[in-house]
file protein37.pdb (PDB, C-alpha atoms)
ATOM      1  CA  MET B  53     172.621 185.096 272.572  1.00  0.00           C
ATOM      2  CA  SER B  54     171.085 181.704 273.373  1.00  0.00           C
ATOM      3  CA  ALA B  55     173.180 178.595 273.877  1.00  0.00           C
ATOM      4  CA  LEU B  56     173.128 175.975 271.159  1.00  0.00           C
ATOM      5  CA  PRO B  57     171.114 172.873 272.042  1.00  0.00           C
ATOM      6  CA  ALA B  58     173.242 169.913 273.069  1.00  0.00           C
ATOM      7  CA  LEU B  59     171.025 167.459 271.190  1.00  0.00           C
ATOM      8  CA  LEU B  60     169.788 167.723 267.623  1.00  0.00           C
ATOM      9  CA  THR B  61     166.821 166.114 265.895  1.00  0.00           C
ATOM     10  CA  ILE B  62     167.365 163.902 262.883  1.00  0.00           C
ATOM     11  CA  GLY B  63     166.020 166.692 260.675  1.00  0.00           C
ATOM     12  CA  GLU B  64     168.464 169.215 262.135  1.00  0.00           C
ATOM     13  CA  VAL B  65     171.385 166.820 261.654  1.00  0.00           C
ATOM     14  CA  ALA B  66     170.307 166.096 258.078  1.00  0.00           C
ATOM     15  CA  HIS B  67     170.047 169.813 257.323  1.00  0.00           C
ATOM     16  CA  ARG B  68     173.354 170.730 258.988  1.00  0.00           C
ATOM     17  CA  SER B  69     175.346 167.797 257.562  1.00  0.00           C
ATOM     18  CA  GLY B  70     173.809 167.490 254.105  1.00  0.00           C
ATOM     19  CA  VAL B  71     173.227 163.780 254.778  1.00  0.00           C
ATOM     20  CA  ALA B  72     169.750 162.405 254.087  1.00  0.00           C
ATOM     21  CA  GLN B  73     167.730 161.144 257.027  1.00  0.00           C
ATOM     22  CA  THR B  74     167.651 157.677 255.484  1.00  0.00           C
ATOM     23  CA  ALA B  75     171.463 157.680 255.367  1.00  0.00           C
ATOM     24  CA  LEU B  76     171.611 158.800 259.008  1.00  0.00           C
ATOM     25  CA  ARG B  77     169.440 155.848 260.006  1.00  0.00           C
ATOM     26  CA  PHE B  78     171.632 153.537 257.914  1.00  0.00           C
ATOM     27  CA  TYR B  79     174.846 154.883 259.474  1.00  0.00           C
ATOM     28  CA  GLU B  80     173.318 154.433 262.903  1.00  0.00           C
ATOM     29  CA  GLN B  81     172.290 150.880 262.091  1.00  0.00           C
ATOM     30  CA  ARG B  82     175.891 150.174 260.968  1.00  0.00           C
ATOM     31  CA  GLY B  83     177.275 151.718 264.176  1.00  0.00           C
ATOM     32  CA  LEU B  84     178.977 154.676 262.482  1.00  0.00           C
ATOM     33  CA  ILE B  85     176.973 157.177 264.544  1.00  0.00           C
ATOM     34  CA  THR B  86     174.831 156.921 267.660  1.00  0.00           C
ATOM     35  CA  SER B  87     171.756 158.624 269.001  1.00  0.00           C
ATOM     36  CA  THR B  88     169.690 158.653 272.136  1.00  0.00           C
ATOM     37  CA  ARG B  89     165.916 158.315 272.225  1.00  0.00           C
ATOM     38  CA  THR B  90     163.327 160.582 273.729  1.00  0.00           C
ATOM     39  CA  SER B  91     160.387 159.244 275.720  1.00  0.00           C
ATOM     40  CA  GLY B  92     158.486 159.369 272.417  1.00  0.00           C
ATOM     41  CA  ASN B  93     161.205 157.219 270.766  1.00  0.00           C
ATOM     42  CA  GLN B  94     162.529 160.076 268.605  1.00  0.00           C
ATOM     43  CA  ARG B  95     166.211 160.158 267.768  1.00  0.00           C
ATOM     44  CA  ARG B  96     168.450 162.844 269.253  1.00  0.00           C
ATOM     45  CA  TYR B  97     172.063 163.274 268.218  1.00  0.00           C
ATOM     46  CA  GLY B  98     174.851 164.956 270.128  1.00  0.00           C
ATOM     47  CA  ARG B  99     176.652 167.780 268.337  1.00  0.00           C
ATOM     48  CA  PRO B 100     179.861 165.737 267.827  1.00  0.00           C
ATOM     49  CA  VAL B 101     177.920 163.620 265.309  1.00  0.00           C
ATOM     50  CA  LEU B 102     178.259 166.493 262.812  1.00  0.00           C
ATOM     51  CA  ARG B 103     182.033 166.091 262.783  1.00  0.00           C
ATOM     52  CA  ARG B 104     181.746 162.319 262.431  1.00  0.00           C
ATOM     53  CA  LEU B 105     179.403 162.772 259.481  1.00  0.00           C
ATOM     54  CA  ALA B 106     181.788 165.226 257.812  1.00  0.00           C
ATOM     55  CA  PHE B 107     184.538 162.639 258.266  1.00  0.00           C
ATOM     56  CA  ILE B 108     182.361 159.839 256.828  1.00  0.00           C
ATOM     57  CA  ARG B 109     181.529 161.902 253.758  1.00  0.00           C
ATOM     58  CA  ALA B 110     185.164 162.896 253.187  1.00  0.00           C
ATOM     59  CA  ALA B 111     186.324 159.288 253.561  1.00  0.00           C
ATOM     60  CA  GLN B 112     183.675 158.084 251.107  1.00  0.00           C
ATOM     61  CA  ARG B 113     184.743 160.726 248.582  1.00  0.00           C
ATOM     62  CA  VAL B 114     188.261 159.290 248.514  1.00  0.00           C
ATOM     63  CA  GLY B 115     186.898 155.781 248.020  1.00  0.00           C
ATOM     64  CA  LEU B 116     187.157 154.230 251.462  1.00  0.00           C
ATOM     65  CA  SER B 117     184.616 151.551 252.251  1.00  0.00           C
ATOM     66  CA  LEU B 118     182.094 151.835 255.070  1.00  0.00           C
ATOM     67  CA  GLU B 119     183.909 148.976 256.786  1.00  0.00           C
ATOM     68  CA  GLN B 120     187.193 150.918 256.732  1.00  0.00           C
ATOM     69  CA  ILE B 121     185.395 154.028 257.943  1.00  0.00           C
ATOM     70  CA  SER B 122     183.694 152.061 260.715  1.00  0.00           C
ATOM     71  CA  ASP B 123     187.004 150.549 261.840  1.00  0.00           C
ATOM     72  CA  ALA B 124     188.572 154.009 261.972  1.00  0.00           C
ATOM     73  CA  LEU B 125     185.664 155.589 263.827  1.00  0.00           C
ATOM     74  CA  ALA B 126     185.811 152.784 266.388  1.00  0.00           C
ATOM     75  CA  THR B 127     189.201 154.175 267.475  1.00  0.00           C
ATOM     76  CA  LEU B 128     187.718 157.582 268.320  1.00  0.00           C
ATOM     77  CA  PRO B 129     186.183 158.546 271.665  1.00  0.00           C
ATOM     78  CA  THR B 130     182.412 158.266 271.872  1.00  0.00           C
ATOM     79  CA  ASP B 131     181.849 160.372 274.987  1.00  0.00           C
ATOM     80  CA  HIS B 132     183.253 163.637 273.571  1.00  0.00           C
ATOM     81  CA  ALA B 133     184.341 165.246 270.323  1.00  0.00           C
ATOM     82  CA  PRO B 134     187.640 163.832 269.077  1.00  0.00           C
ATOM     83  CA  THR B 135     190.714 165.968 269.616  1.00  0.00           C
ATOM     84  CA  LYS B 136     193.174 167.062 266.963  1.00  0.00           C
ATOM     85  CA  ALA B 137     195.502 164.295 268.167  1.00  0.00           C
ATOM     86  CA  ASP B 138     192.704 161.719 267.651  1.00  0.00           C
ATOM     87  CA  TRP B 139     192.134 162.888 264.076  1.00  0.00           C
ATOM     88  CA  THR B 140     195.874 162.998 263.360  1.00  0.00           C
ATOM     89  CA  ARG B 141     196.366 159.441 264.577  1.00  0.00           C
ATOM     90  CA  LEU B 142     193.429 158.224 262.516  1.00  0.00           C
ATOM     91  CA  SER B 143     194.509 160.003 259.323  1.00  0.00           C
ATOM     92  CA  ARG B 144     198.088 158.744 259.713  1.00  0.00           C
ATOM     93  CA  SER B 145     196.799 155.167 259.661  1.00  0.00           C
ATOM     94  CA  TRP B 146     195.289 155.741 256.194  1.00  0.00           C
ATOM     95  CA  ARG B 147     198.192 157.620 254.660  1.00  0.00           C
ATOM     96  CA  ASP B 148     199.807 154.612 252.934  1.00  0.00           C
ATOM     97  CA  GLU B 149     196.519 153.416 251.507  1.00  0.00           C
ATOM     98  CA  LEU B 150     195.570 156.862 250.257  1.00  0.00           C
ATOM     99  CA  ASP B 151     199.023 157.306 248.699  1.00  0.00           C
ATOM    100  CA  ALA B 152     198.602 153.958 246.913  1.00  0.00           C
ATOM    101  CA  ARG B 153     195.166 155.020 245.635  1.00  0.00           C
ATOM    102  CA  ILE B 154     196.564 158.322 244.384  1.00  0.00           C
ATOM    103  CA  ASP B 155     199.394 156.474 242.639  1.00  0.00           C
ATOM    104  CA  GLY B 156     196.920 154.080 241.019  1.00  0.00           C
ATOM    105  CA  LEU B 157     194.700 156.911 239.822  1.00  0.00           C
ATOM    106  CA  GLN B 158     197.684 158.754 238.360  1.00  0.00           C
ATOM    107  CA  ARG B 159     198.791 155.591 236.542  1.00  0.00           C
ATOM    108  CA  LEU B 160     195.304 155.111 235.164  1.00  0.00           C
ATOM    109  CA  ARG B 161     195.088 158.728 234.043  1.00  0.00           C
ATOM    110  CA  ASP B 162     198.527 158.727 232.415  1.00  0.00           C
ATOM    111  CA  ARG B 163     198.169 155.413 230.662  1.00  0.00           C
ATOM    112  CA  LEU B 164     194.653 156.025 229.431  1.00  0.00           C
ATOM    113  CA  SER B 165     195.471 159.457 228.097  1.00  0.00           C
ATOM    114  CA  GLY B 166     198.475 157.987 226.268  1.00  0.00           C
ATOM    115  CA  CYS B 167     196.379 155.276 224.703  1.00  0.00           C
ATOM    116  CA  ILE B 168     192.947 156.764 224.212  1.00  0.00           C
ATOM    117  CA  GLY B 169     194.239 160.327 223.929  1.00  0.00           C
ATOM    118  CA  CYS B 170     196.075 159.602 220.697  1.00  0.00           C
ATOM    119  CA  GLY B 171     192.917 158.200 219.111  1.00  0.00           C
ATOM    120  CA  CYS B 172     194.567 155.112 217.646  1.00  0.00           C
ATOM    121  CA  LEU B 173     193.494 152.579 220.267  1.00  0.00           C
ATOM    122  CA  SER B 174     196.287 150.369 218.915  1.00  0.00           C
ATOM    123  CA  LEU B 175     196.595 147.085 220.747  1.00  0.00           C
ATOM    124  CA  ARG B 176     200.215 146.800 219.542  1.00  0.00           C
ATOM    125  CA  THR B 177     201.304 149.962 221.359  1.00  0.00           C
ATOM    126  CA  CYS B 178     198.760 150.132 224.189  1.00  0.00           C
ATOM    127  CA  THR B 179     200.431 149.817 227.598  1.00  0.00           C
ATOM    128  CA  LEU B 180     197.245 148.262 228.978  1.00  0.00           C
ATOM    129  CA  ASN B 181     197.157 145.430 226.445  1.00  0.00           C
ATOM    130  CA  ASN B 182     197.366 141.985 228.018  1.00  0.00           C
ATOM    131  CA  ALA B 183     197.688 139.805 224.921  1.00  0.00           C
ATOM    132  CA  ASP B 184     196.442 136.246 225.366  1.00  0.00           C
ATOM    133  CA  ASP B 185     195.703 137.034 229.035  1.00  0.00           C
ATOM    134  CA  GLN B 186     199.349 136.446 229.976  1.00  0.00           C
ATOM    135  CA  MET B 187     198.891 138.271 233.284  1.00  0.00           C
ATOM    136  CA  ALA B 188     196.070 136.069 234.574  1.00  0.00           C
ATOM    137  CA  ALA B 189     198.459 134.400 237.022  1.00  0.00           C
ATOM    138  CA  GLN B 190     199.030 137.758 238.736  1.00  0.00           C
ATOM    139  CA  GLY B 191     195.443 137.790 239.996  1.00  0.00           C
ATOM    140  CA  PRO B 192     192.195 139.541 239.166  1.00  0.00           C
ATOM    141  CA  GLY B 193     191.873 143.107 238.001  1.00  0.00           C
ATOM    142  CA  SER B 194     194.348 145.156 236.023  1.00  0.00           C
ATOM    143  CA  PRO B 195     197.870 144.147 237.013  1.00  0.00           C
ATOM    144  CA  LEU B 196     199.325 146.580 234.483  1.00  0.00           C
ATOM    145  CA  LEU B 197     197.979 149.442 236.570  1.00  0.00           C
ATOM    146  CA  THR B 198     199.501 148.334 239.862  1.00  0.00           C
ATOM    147  CA  PRO B 199     202.884 149.586 241.088  1.00  0.00           C
ATOM    148  CA  SER B 200     204.417 146.092 241.076  1.00  0.00           C
ATOM    149  CA  ALA B 201     203.735 145.748 237.362  1.00  0.00           C
ATOM    150  CA  ASP B 202     205.089 149.153 236.373  1.00  0.00           C
ATOM    151  CA  ARG B 203     206.868 148.820 233.074  1.00  0.00           C
ATOM    152  CA  SER B 204     207.244 152.494 232.208  1.00  0.00           C
TER     153      SER B 204
END

call {"tool": "encode", "arguments": {"input": "protein37.pdb", "output": "structure tokens"}}
result
Amino acid sequence: MSALPALLTIGEVAHRSGVAQTALRFYEQRGLITSTRTSGNQRRYGRPVLRRLAFIRAAQRVGLSLEQISDALATLPTDHAPTKADWTRLSRSWRDELDARIDGLQRLRDRLSGCIGCGCLSLRTCTLNNADDQMAAQGPGSPLLTPSADRS
């Protein structure tokens, strides 16, 4: 059995990760991943990039911004694949934010299904109604969907 190559081409990384080559170039430009160059100026990626890409995709799926992802990846080692302890430390730092996002999504789901689900769309009984924009002083967005404004 032959050993796996230490460096992968951009096409191999795209195929293995499911990330388009254009996205790989973009991530590299943003500093999320790194490559080396051959004498012909072709990109070569170390195998640990596959794990970083899996992490980037997972973080994007839960709604984290590229800036948040970049900040997190900056805490990981660049000279070797991160250890379980590295990943645990990183994921712990996001736990509160992810819990808040989950809470917000559950509030949205529950309140929308109670309002839209009944079919009445009544502004008198809708828990999302903000008559006369009374909540404008609480800031932009939907203050009725935030934990601090919970009235249920």

call {"tool": "atom_distance", "arguments": {"input": "protein37.pdb", "atom1": "CA of Ser143 (chain B)", "atom2": "CA of Arg104 (chain B)"}}
result
13.3 Å

call {"tool": "residues_around", "arguments": {"input": "protein37.pdb", "residues": "Asp138 (chain B)", "least_positions_apart": "5", "cutoff": "10 Å", "atoms": "all atoms listed in the file", "output": "list of chain:residue names"}}
result
B:Thr127, B:Leu128, B:Pro129, B:Ala133, B:Ser143

call {"tool": "residues_near_point", "arguments": {"input": "protein37.pdb", "point": "(193.1, 157.2, 265.3)", "cutoff": "9 Å", "atoms": "all atoms listed in the file", "output": "list in words"}}
result
Ala124, Leu125, Ala126, Thr127, Leu128, Ala137, Asp138, Trp139, Thr140, Arg141, Leu142, Ser143, Arg144 and Ser145 of chain B

call {"tool": "resolve_selection", "arguments": {"input": "protein37.pdb", "expression": "the PyMOL selection byres ((chain B and resi 87-102) around 8)", "output": "list of chain:residue names"}}
result
B:Ala58, B:Leu59, B:Leu60, B:Thr61, B:Ile62, B:Val65, B:Arg68, B:Ser69, B:Glu80, B:Ile85, B:Thr86, B:Arg103, B:Arg104, B:Leu105, B:Ala106, B:His132, B:Ala133

call {"tool": "axis_aligned_box", "arguments": {"input": "protein37.pdb", "around": "region 102-120 of chain B", "padding_each_side": "8 Å", "output": "lines of an AutoDock Vina configuration file"}}
result
center_x = 183.3
center_y = 157.7
center_z = 255.4
size_x = 26.0
size_y = 33.5
size_z = 30.8

call {"tool": "resolve_selection", "arguments": {"input": "protein37.pdb", "expression": "the PyMOL selection byres ((chain B and resi 82) around 12)", "output": "ChimeraX atom specification"}}
result
/B:75-81,83-86,118-119,121-123,125-126

call {"tool": "atom_distance", "arguments": {"input": "protein37.pdb", "atom1": "CA of Ile108 (chain B)", "atom2": "CA of Glu64 (chain B)"}}
result
17.6 Å

call {"tool": "atom_distance", "arguments": {"input": "protein37.pdb", "atom1": "CA of Gln112 (chain B)", "atom2": "CA of Trp146 (chain B)"}}
result
12.9 Å

call {"tool": "build_atoms", "arguments": {"input": "protein37.pdb", "residues": "region 134-169 of chain B", "atoms": "N, CA and C atoms", "output": "PDB file, in the coordinates of the input"}}
result
ATOM      1  N   PRO B 134     186.233 164.206 269.199  1.00  0.00           N
ATOM      2  CA  PRO B 134     187.640 163.832 269.077  1.00  0.00           C
ATOM      3  C   PRO B 134     188.542 165.064 269.069  1.00  0.00           C
ATOM      4  N   THR B 135     189.729 164.887 269.591  1.00  0.00           N
ATOM      5  CA  THR B 135     190.714 165.968 269.616  1.00  0.00           C
ATOM      6  C   THR B 135     191.500 165.970 268.311  1.00  0.00           C
ATOM      7  N   LYS B 136     192.305 166.997 268.137  1.00  0.00           N
ATOM      8  CA  LYS B 136     193.174 167.062 266.963  1.00  0.00           C
ATOM      9  C   LYS B 136     194.106 165.856 266.936  1.00  0.00           C
ATOM     10  N   ALA B 137     194.611 165.460 268.095  1.00  0.00           N
ATOM     11  CA  ALA B 137     195.502 164.295 268.167  1.00  0.00           C
ATOM     12  C   ALA B 137     194.775 163.020 267.721  1.00  0.00           C
ATOM     13  N   ASP B 138     193.488 162.883 268.088  1.00  0.00           N
ATOM     14  CA  ASP B 138     192.704 161.719 267.651  1.00  0.00           C
ATOM     15  C   ASP B 138     192.605 161.675 266.129  1.00  0.00           C
ATOM     16  N   TRP B 139     192.283 162.822 265.538  1.00  0.00           N
ATOM     17  CA  TRP B 139     192.134 162.888 264.076  1.00  0.00           C
ATOM     18  C   TRP B 139     193.470 162.656 263.380  1.00  0.00           C
ATOM     19  N   THR B 140     194.543 163.178 263.950  1.00  0.00           N
ATOM     20  CA  THR B 140     195.874 162.998 263.360  1.00  0.00           C
ATOM     21  C   THR B 140     196.272 161.529 263.356  1.00  0.00           C
ATOM     22  N   ARG B 141     196.049 160.868 264.471  1.00  0.00           N
ATOM     23  CA  ARG B 141     196.366 159.441 264.577  1.00  0.00           C
ATOM     24  C   ARG B 141     195.572 158.640 263.555  1.00  0.00           C
ATOM     25  N   LEU B 142     194.292 158.940 263.444  1.00  0.00           N
ATOM     26  CA  LEU B 142     193.429 158.224 262.516  1.00  0.00           C
ATOM     27  C   LEU B 142     193.882 158.466 261.078  1.00  0.00           C
ATOM     28  N   SER B 143     194.132 159.709 260.707  1.00  0.00           N
ATOM     29  CA  SER B 143     194.509 160.003 259.323  1.00  0.00           C
ATOM     30  C   SER B 143     195.872 159.409 258.989  1.00  0.00           C
ATOM     31  N   ARG B 144     196.768 159.344 259.949  1.00  0.00           N
ATOM     32  CA  ARG B 144     198.088 158.744 259.713  1.00  0.00           C
ATOM     33  C   ARG B 144     197.942 157.272 259.340  1.00  0.00           C
ATOM     34  N   SER B 145     196.968 156.596 259.934  1.00  0.00           N
ATOM     35  CA  SER B 145     196.799 155.167 259.661  1.00  0.00           C
ATOM     36  C   SER B 145     196.337 154.911 258.227  1.00  0.00           C
ATOM     37  N   TRP B 146     195.770 155.901 257.572  1.00  0.00           N
ATOM     38  CA  TRP B 146     195.289 155.741 256.194  1.00  0.00           C
ATOM     39  C   TRP B 146     196.261 156.278 255.161  1.00  0.00           C
ATOM     40  N   ARG B 147     197.298 156.933 255.593  1.00  0.00           N
ATOM     41  CA  ARG B 147     198.192 157.620 254.660  1.00  0.00           C
ATOM     42  C   ARG B 147     198.729 156.697 253.570  1.00  0.00           C
ATOM     43  N   ASP B 148     199.245 155.523 253.933  1.00  0.00           N
ATOM     44  CA  ASP B 148     199.807 154.612 252.934  1.00  0.00           C
ATOM     45  C   ASP B 148     198.758 154.171 251.927  1.00  0.00           C
ATOM     46  N   GLU B 149     197.577 153.853 252.422  1.00  0.00           N
ATOM     47  CA  GLU B 149     196.519 153.416 251.507  1.00  0.00           C
ATOM     48  C   GLU B 149     196.098 154.545 250.568  1.00  0.00           C
ATOM     49  N   LEU B 150     195.952 155.734 251.112  1.00  0.00           N
ATOM     50  CA  LEU B 150     195.570 156.862 250.257  1.00  0.00           C
ATOM     51  C   LEU B 150     196.664 157.176 249.239  1.00  0.00           C
ATOM     52  N   ASP B 151     197.920 157.096 249.645  1.00  0.00           N
ATOM     53  CA  ASP B 151     199.023 157.306 248.699  1.00  0.00           C
ATOM     54  C   ASP B 151     198.986 156.267 247.584  1.00  0.00           C
ATOM     55  N   ALA B 152     198.692 155.009 247.925  1.00  0.00           N
ATOM     56  CA  ALA B 152     198.602 153.958 246.913  1.00  0.00           C
ATOM     57  C   ALA B 152     197.436 154.219 245.967  1.00  0.00           C
ATOM     58  N   ARG B 153     196.318 154.702 246.498  1.00  0.00           N
ATOM     59  CA  ARG B 153     195.166 155.020 245.635  1.00  0.00           C
ATOM     60  C   ARG B 153     195.497 156.174 244.690  1.00  0.00           C
ATOM     61  N   ILE B 154     196.163 157.185 245.216  1.00  0.00           N
ATOM     62  CA  ILE B 154     196.564 158.322 244.384  1.00  0.00           C
ATOM     63  C   ILE B 154     197.494 157.849 243.274  1.00  0.00           C
ATOM     64  N   ASP B 155     198.462 157.009 243.625  1.00  0.00           N
ATOM     65  CA  ASP B 155     199.394 156.474 242.639  1.00  0.00           C
ATOM     66  C   ASP B 155     198.635 155.700 241.560  1.00  0.00           C
ATOM     67  N   GLY B 156     197.706 154.856 241.978  1.00  0.00           N
ATOM     68  CA  GLY B 156     196.920 154.080 241.019  1.00  0.00           C
ATOM     69  C   GLY B 156     196.092 154.954 240.097  1.00  0.00           C
ATOM     70  N   LEU B 157     195.490 156.001 240.652  1.00  0.00           N
ATOM     71  CA  LEU B 157     194.700 156.911 239.822  1.00  0.00           C
ATOM     72  C   LEU B 157     195.585 157.676 238.836  1.00  0.00           C
ATOM     73  N   GLN B 158     196.772 158.068 239.273  1.00  0.00           N
ATOM     74  CA  GLN B 158     197.684 158.754 238.360  1.00  0.00           C
ATOM     75  C   GLN B 158     198.139 157.823 237.245  1.00  0.00           C
ATOM     76  N   ARG B 159     198.412 156.566 237.571  1.00  0.00           N
ATOM     77  CA  ARG B 159     198.791 155.591 236.542  1.00  0.00           C
ATOM     78  C   ARG B 159     197.658 155.409 235.540  1.00  0.00           C
ATOM     79  N   LEU B 160     196.459 155.275 236.043  1.00  0.00           N
ATOM     80  CA  LEU B 160     195.304 155.111 235.164  1.00  0.00           C
ATOM     81  C   LEU B 160     195.160 156.315 234.252  1.00  0.00           C
ATOM     82  N   ARG B 161     195.212 157.506 234.830  1.00  0.00           N
ATOM     83  CA  ARG B 161     195.088 158.728 234.043  1.00  0.00           C
ATOM     84  C   ARG B 161     196.173 158.804 232.968  1.00  0.00           C
ATOM     85  N   ASP B 162     197.412 158.584 233.349  1.00  0.00           N
ATOM     86  CA  ASP B 162     198.527 158.727 232.415  1.00  0.00           C
ATOM     87  C   ASP B 162     198.493 157.681 231.315  1.00  0.00           C
ATOM     88  N   ARG B 163     198.173 156.474 231.674  1.00  0.00           N
ATOM     89  CA  ARG B 163     198.169 155.413 230.662  1.00  0.00           C
ATOM     90  C   ARG B 163     196.962 155.501 229.757  1.00  0.00           C
ATOM     91  N   LEU B 164     195.828 155.891 230.292  1.00  0.00           N
ATOM     92  CA  LEU B 164     194.653 156.025 229.431  1.00  0.00           C
ATOM     93  C   LEU B 164     194.789 157.206 228.497  1.00  0.00           C
ATOM     94  N   SER B 165     195.338 158.302 228.987  1.00  0.00           N
ATOM     95  CA  SER B 165     195.471 159.457 228.097  1.00  0.00           C
ATOM     96  C   SER B 165     196.493 159.163 227.007  1.00  0.00           C
ATOM     97  N   GLY B 166     197.494 158.348 227.287  1.00  0.00           N
ATOM     98  CA  GLY B 166     198.475 157.987 226.268  1.00  0.00           C
ATOM     99  C   GLY B 166     197.892 157.061 225.228  1.00  0.00           C
ATOM    100  N   CYS B 167     196.972 156.238 225.626  1.00  0.00           N
ATOM    101  CA  CYS B 167     196.379 155.276 224.703  1.00  0.00           C
ATOM    102  C   CYS B 167     195.156 155.867 224.003  1.00  0.00           C
ATOM    103  N   ILE B 168     194.185 156.251 224.791  1.00  0.00           N
ATOM    104  CA  ILE B 168     192.947 156.764 224.212  1.00  0.00           C
ATOM    105  C   ILE B 168     193.141 158.171 223.673  1.00  0.00           C
ATOM    106  N   GLY B 169     194.021 158.942 224.333  1.00  0.00           N
ATOM    107  CA  GLY B 169     194.239 160.327 223.929  1.00  0.00           C
ATOM    108  C   GLY B 169     194.754 160.468 222.517  1.00  0.00           C
TER     109      GLY B 169
END
